[in-house]
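The next block holds one structure in the form of structure tokens; read it before the comments.
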Amino acid sequence: QVQLVESGGGLVQAGGSLTLSCAVSGGTFSKYAMGWFRQAPGKEREFVAAISWRGDNTGYADSVKGRFTISRDNAKNTMYLQMNDLKPADTAIYYCAARPYYSGIDYYTGIYDYDYWGQGTQVTVSS
């Protein structure tokens, strides 16, 4: 059974930084395409960033491009999201997600593309 556990969330002032981690167990992490999503109160879950199984291709939502960086360490079965210049609008529960990769598709940006989800970690950015 594949399990994903997020960590690293917290309270930070606007302009600050946080790094989220997503530890994966129970599966072959190096064969998964991975992604980060977030959900703010009263809003739908939205795509934040995604990374290919080898880590050589990434994609970002326009709202975080240039501020957030997604990465992975296949030796540690862990994915990361480095978040810089945080804004109050980034306040949300952040979820990591995983799915087996298929040849020809580098990464996935849709919620329904993913098979496995973590429980989420809260990020709160104060103004």
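Residues in the structure tokens are numbered from 1 in each chain, the chains being A, B, ... in the order shown, and ligands are numbered from 1 in the order shown.
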With a distance cut-off of 12 Å and only C-alpha atoms, select the neighbouring residues of A:Ala49, excluding the residue or stretch itself and same-chain residues fewer than 2 positions from it, and output the selection as a PyMOL selection string. chain A and resi 33-38+46-47+51-52+57-71+79-83+94-97+107-111
Residues near stretch 74-76 of chain A, cut-off 10 Å, only C-alpha atoms, skip fewer than 6 positions along chain, as an MDAnalysis selection string: chainID A and resid 23:24 28:32 53:55
Of A:Gln1, A:Asp106, A:Gly42, A:Gly9, the one nearest to A:Gln122 when counting only C-alpha atoms is A:Gly9
Excluding A:Leu11 and its own-chain neighbours fewer than 3 positions away, which residues fall within 12 Å of it when counting only C-alpha atoms? Please give them as a ChimeraX atom specification. /A:8,14-19,86-88,90-93,121-127
Based on the selection just made, write N, CA, C and O atoms of those residues as a JSON list (two decimals), in the first residue's frame.
[["chain", "number", "residue", "atom", "x", "y", "z"],
["A", 8, "GLY", "N", 6.62, 19.86, 7.00],
["A", 8, "GLY", "CA", 7.29, 21.11, 6.72],
["A", 8, "GLY", "C", 6.40, 22.33, 6.68],
["A", 8, "GLY", "O", 6.89, 23.46, 6.52],
["A", 14, "ALA", "N", 4.72, 37.03, 5.30],
["A", 14, "ALA", "CA", 4.83, 37.30, 3.87],
["A", 14, "ALA", "C", 6.28, 37.63, 3.51],
["A", 14, "ALA", "O", 6.96, 38.36, 4.24],
["A", 15, "GLY", "N", 6.72, 37.07, 2.39],
["A", 15, "GLY", "CA", 8.10, 37.24, 1.96],
["A", 15, "GLY", "C", 9.02, 36.16, 2.46],
["A", 15, "GLY", "O", 10.18, 36.07, 2.01],
["A", 16, "GLY", "N", 8.54, 35.34, 3.37],
["A", 16, "GLY", "CA", 9.36, 34.27, 3.93],
["A", 16, "GLY", "C", 9.39, 33.03, 3.06],
["A", 16, "GLY", "O", 8.83, 33.00, 1.97],
["A", 17, "SER", "N", 10.04, 32.01, 3.58],
["A", 17, "SER", "CA", 10.24, 30.76, 2.85],
["A", 17, "SER", "C", 9.89, 29.55, 3.70],
["A", 17, "SER", "O", 10.00, 29.60, 4.93],
["A", 18, "LEU", "N", 9.48, 28.49, 3.03],
["A", 18, "LEU", "CA", 9.25, 27.19, 3.65],
["A", 18, "LEU", "C", 9.64, 26.12, 2.65],
["A", 18, "LEU", "O", 9.52, 26.34, 1.45],
["A", 19, "THR", "N", 10.03, 24.96, 3.18],
["A", 19, "THR", "CA", 10.26, 23.80, 2.33],
["A", 19, "THR", "C", 9.39, 22.66, 2.82],
["A", 19, "THR", "O", 9.49, 22.24, 3.97],
["A", 86, "LEU", "N", 6.82, 33.98, -0.09],
["A", 86, "LEU", "CA", 5.44, 33.54, 0.15],
["A", 86, "LEU", "C", 4.51, 34.73, 0.33],
["A", 86, "LEU", "O", 4.89, 35.78, 0.88],
["A", 87, "LYS", "N", 3.28, 34.55, -0.12],
["A", 87, "LYS", "CA", 2.25, 35.58, -0.07],
["A", 87, "LYS", "C", 1.05, 35.04, 0.71],
["A", 87, "LYS", "O", 0.84, 33.82, 0.76],
["A", 88, "PRO", "N", 0.25, 35.94, 1.28],
["A", 88, "PRO", "CA", -0.96, 35.47, 1.97],
["A", 88, "PRO", "C", -1.83, 34.58, 1.09],
["A", 88, "PRO", "O", -2.48, 33.66, 1.60],
["A", 90, "ASP", "N", -0.95, 32.31, -0.73],
["A", 90, "ASP", "CA", -0.42, 30.95, -0.74],
["A", 90, "ASP", "C", -0.93, 30.13, 0.44],
["A", 90, "ASP", "O", -0.65, 28.93, 0.52],
["A", 91, "THR", "N", -1.65, 30.75, 1.34],
["A", 91, "THR", "CA", -2.20, 30.05, 2.50],
["A", 91, "THR", "C", -3.16, 28.96, 2.05],
["A", 91, "THR", "O", -4.13, 29.22, 1.32],
["A", 92, "ALA", "N", -2.88, 27.73, 2.49],
["A", 92, "ALA", "CA", -3.69, 26.59, 2.06],
["A", 92, "ALA", "C", -3.16, 25.33, 2.73],
["A", 92, "ALA", "O", -2.09, 25.35, 3.35],
["A", 93, "ILE", "N", -3.91, 24.27, 2.59],
["A", 93, "ILE", "CA", -3.38, 22.94, 2.91],
["A", 93, "ILE", "C", -2.71, 22.42, 1.64],
["A", 93, "ILE", "O", -3.32, 22.43, 0.56],
["A", 121, "THR", "N", -0.50, 19.20, 4.59],
["A", 121, "THR", "CA", 0.19, 19.99, 5.62],
["A", 121, "THR", "C", -0.22, 21.45, 5.46],
["A", 121, "THR", "O", -0.28, 21.96, 4.34],
["A", 122, "GLN", "N", -0.53, 22.09, 6.57],
["A", 122, "GLN", "CA", -1.04, 23.46, 6.54],
["A", 122, "GLN", "C", 0.10, 24.47, 6.37],
["A", 122, "GLN", "O", 1.10, 24.42, 7.09],
["A", 123, "VAL", "N", -0.09, 25.38, 5.44],
["A", 123, "VAL", "CA", 0.82, 26.51, 5.25],
["A", 123, "VAL", "C", 0.00, 27.79, 5.45],
["A", 123, "VAL", "O", -1.01, 27.97, 4.77],
["A", 124, "THR", "N", 0.43, 28.62, 6.37],
["A", 124, "THR", "CA", -0.26, 29.87, 6.64],
["A", 124, "THR", "C", 0.74, 31.01, 6.50],
["A", 124, "THR", "O", 1.79, 31.01, 7.14],
["A", 125, "VAL", "N", 0.39, 31.97, 5.65],
["A", 125, "VAL", "CA", 1.26, 33.11, 5.40],
["A", 125, "VAL", "C", 0.55, 34.36, 5.91],
["A", 125, "VAL", "O", -0.53, 34.70, 5.45],
["A", 126, "SER", "N", 1.17, 35.02, 6.88],
["A", 126, "SER", "CA", 0.58, 36.22, 7.46],
["A", 126, "SER", "C", 1.09, 37.47, 6.75],
["A", 126, "SER", "O", 2.23, 37.51, 6.29],
["A", 127, "SER", "N", 0.24, 38.47, 6.71],
["A", 127, "SER", "CA", 0.62, 39.72, 6.02],
["A", 127, "SER", "C", 1.31, 40.69, 6.96],
["A", 127, "SER", "O", 1.34, 40.50, 8.17]]
Problem - strand (DSSP E or B) call set, DSSP backbone run, chain A, as number ranges by chain - result: A: 3-7, 10-13, 18-25, 32-39, 46-51, 58-60, 68-73, 78-83, 92-100, 116-117, 121-126
Could the residues in this selection be written to a file with C-alpha atoms, as a compact mmCIF listing (two decimals), in the first residue's frame?
# COMPACT_ATOMS: atom_id res chain seq x y z
CA GLN A 3 1.57 5.98 1.64
CA LEU A 4 2.48 9.64 1.28
CA VAL A 5 3.30 11.83 4.28
CA GLU A 6 3.78 15.58 3.99
CA SER A 7 5.77 17.67 6.44
CA GLY A 10 3.77 26.11 9.32
CA LEU A 11 3.19 29.79 9.90
CA VAL A 12 5.42 32.26 8.08
CA GLN A 13 5.35 35.98 7.36
CA LEU A 18 9.25 27.19 3.65
CA THR A 19 10.26 23.80 2.33
CA LEU A 20 7.70 21.03 2.23
CA SER A 21 8.64 17.37 2.07
CA CYS A 22 6.67 14.36 0.91
CA ALA A 23 7.93 10.96 2.02
CA VAL A 24 6.65 7.97 0.06
CA SER A 25 6.56 4.38 1.25
CA TYR A 32 6.11 7.57 -9.86
CA ALA A 33 5.35 10.94 -11.35
CA MET A 34 4.70 13.31 -8.47
CA GLY A 35 2.83 16.52 -7.84
CA TRP A 36 1.88 19.16 -5.30
CA PHE A 37 -1.60 20.58 -4.97
CA ARG A 38 -3.17 22.98 -2.50
CA GLN A 39 -6.60 23.82 -1.20
CA GLU A 46 -5.62 23.32 -7.37
CA PHE A 47 -2.43 22.30 -9.08
CA VAL A 48 0.80 23.81 -7.79
CA ALA A 49 3.74 21.90 -9.29
CA ALA A 50 4.64 18.53 -10.80
CA ILE A 51 7.77 16.56 -11.56
CA THR A 58 8.86 20.03 -14.06
CA GLY A 59 5.74 22.14 -14.41
CA TYR A 60 4.27 24.95 -12.32
CA PHE A 68 8.39 27.72 -5.93
CA THR A 69 10.75 24.89 -6.90
CA ILE A 70 9.79 21.23 -6.99
CA SER A 71 12.45 18.53 -6.69
CA ARG A 72 12.86 14.90 -5.73
CA ASP A 73 15.46 12.57 -4.32
CA THR A 78 11.14 11.98 -1.00
CA MET A 79 9.82 14.93 -2.96
CA TYR A 80 10.24 18.57 -1.98
CA LEU A 81 8.63 21.93 -2.60
CA GLN A 82 10.82 24.94 -1.89
CA MET A 83 8.58 27.96 -1.47
CA ALA A 92 -3.69 26.59 2.06
CA ILE A 93 -3.38 22.94 2.91
CA TYR A 94 -0.71 21.48 0.65
CA TYR A 95 -1.05 17.92 -0.60
CA CYS A 96 1.42 15.70 -2.39
CA ALA A 97 0.26 13.15 -4.92
CA ALA A 98 1.74 10.24 -6.85
CA ARG A 99 0.94 8.06 -9.82
CA PRO A 100 2.83 5.52 -11.93
CA TYR A 116 -2.27 8.34 -4.27
CA TRP A 117 -2.55 11.33 -1.94
CA THR A 121 0.19 19.99 5.62
CA GLN A 122 -1.04 23.46 6.54
CA VAL A 123 0.82 26.51 5.25
CA THR A 124 -0.26 29.87 6.64
CA VAL A 125 1.26 33.11 5.40
CA SER A 126 0.58 36.22 7.46
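In this structure, atom CA of A:Gly104 sits 24.9 Å away from atom CA of A:Gly26.
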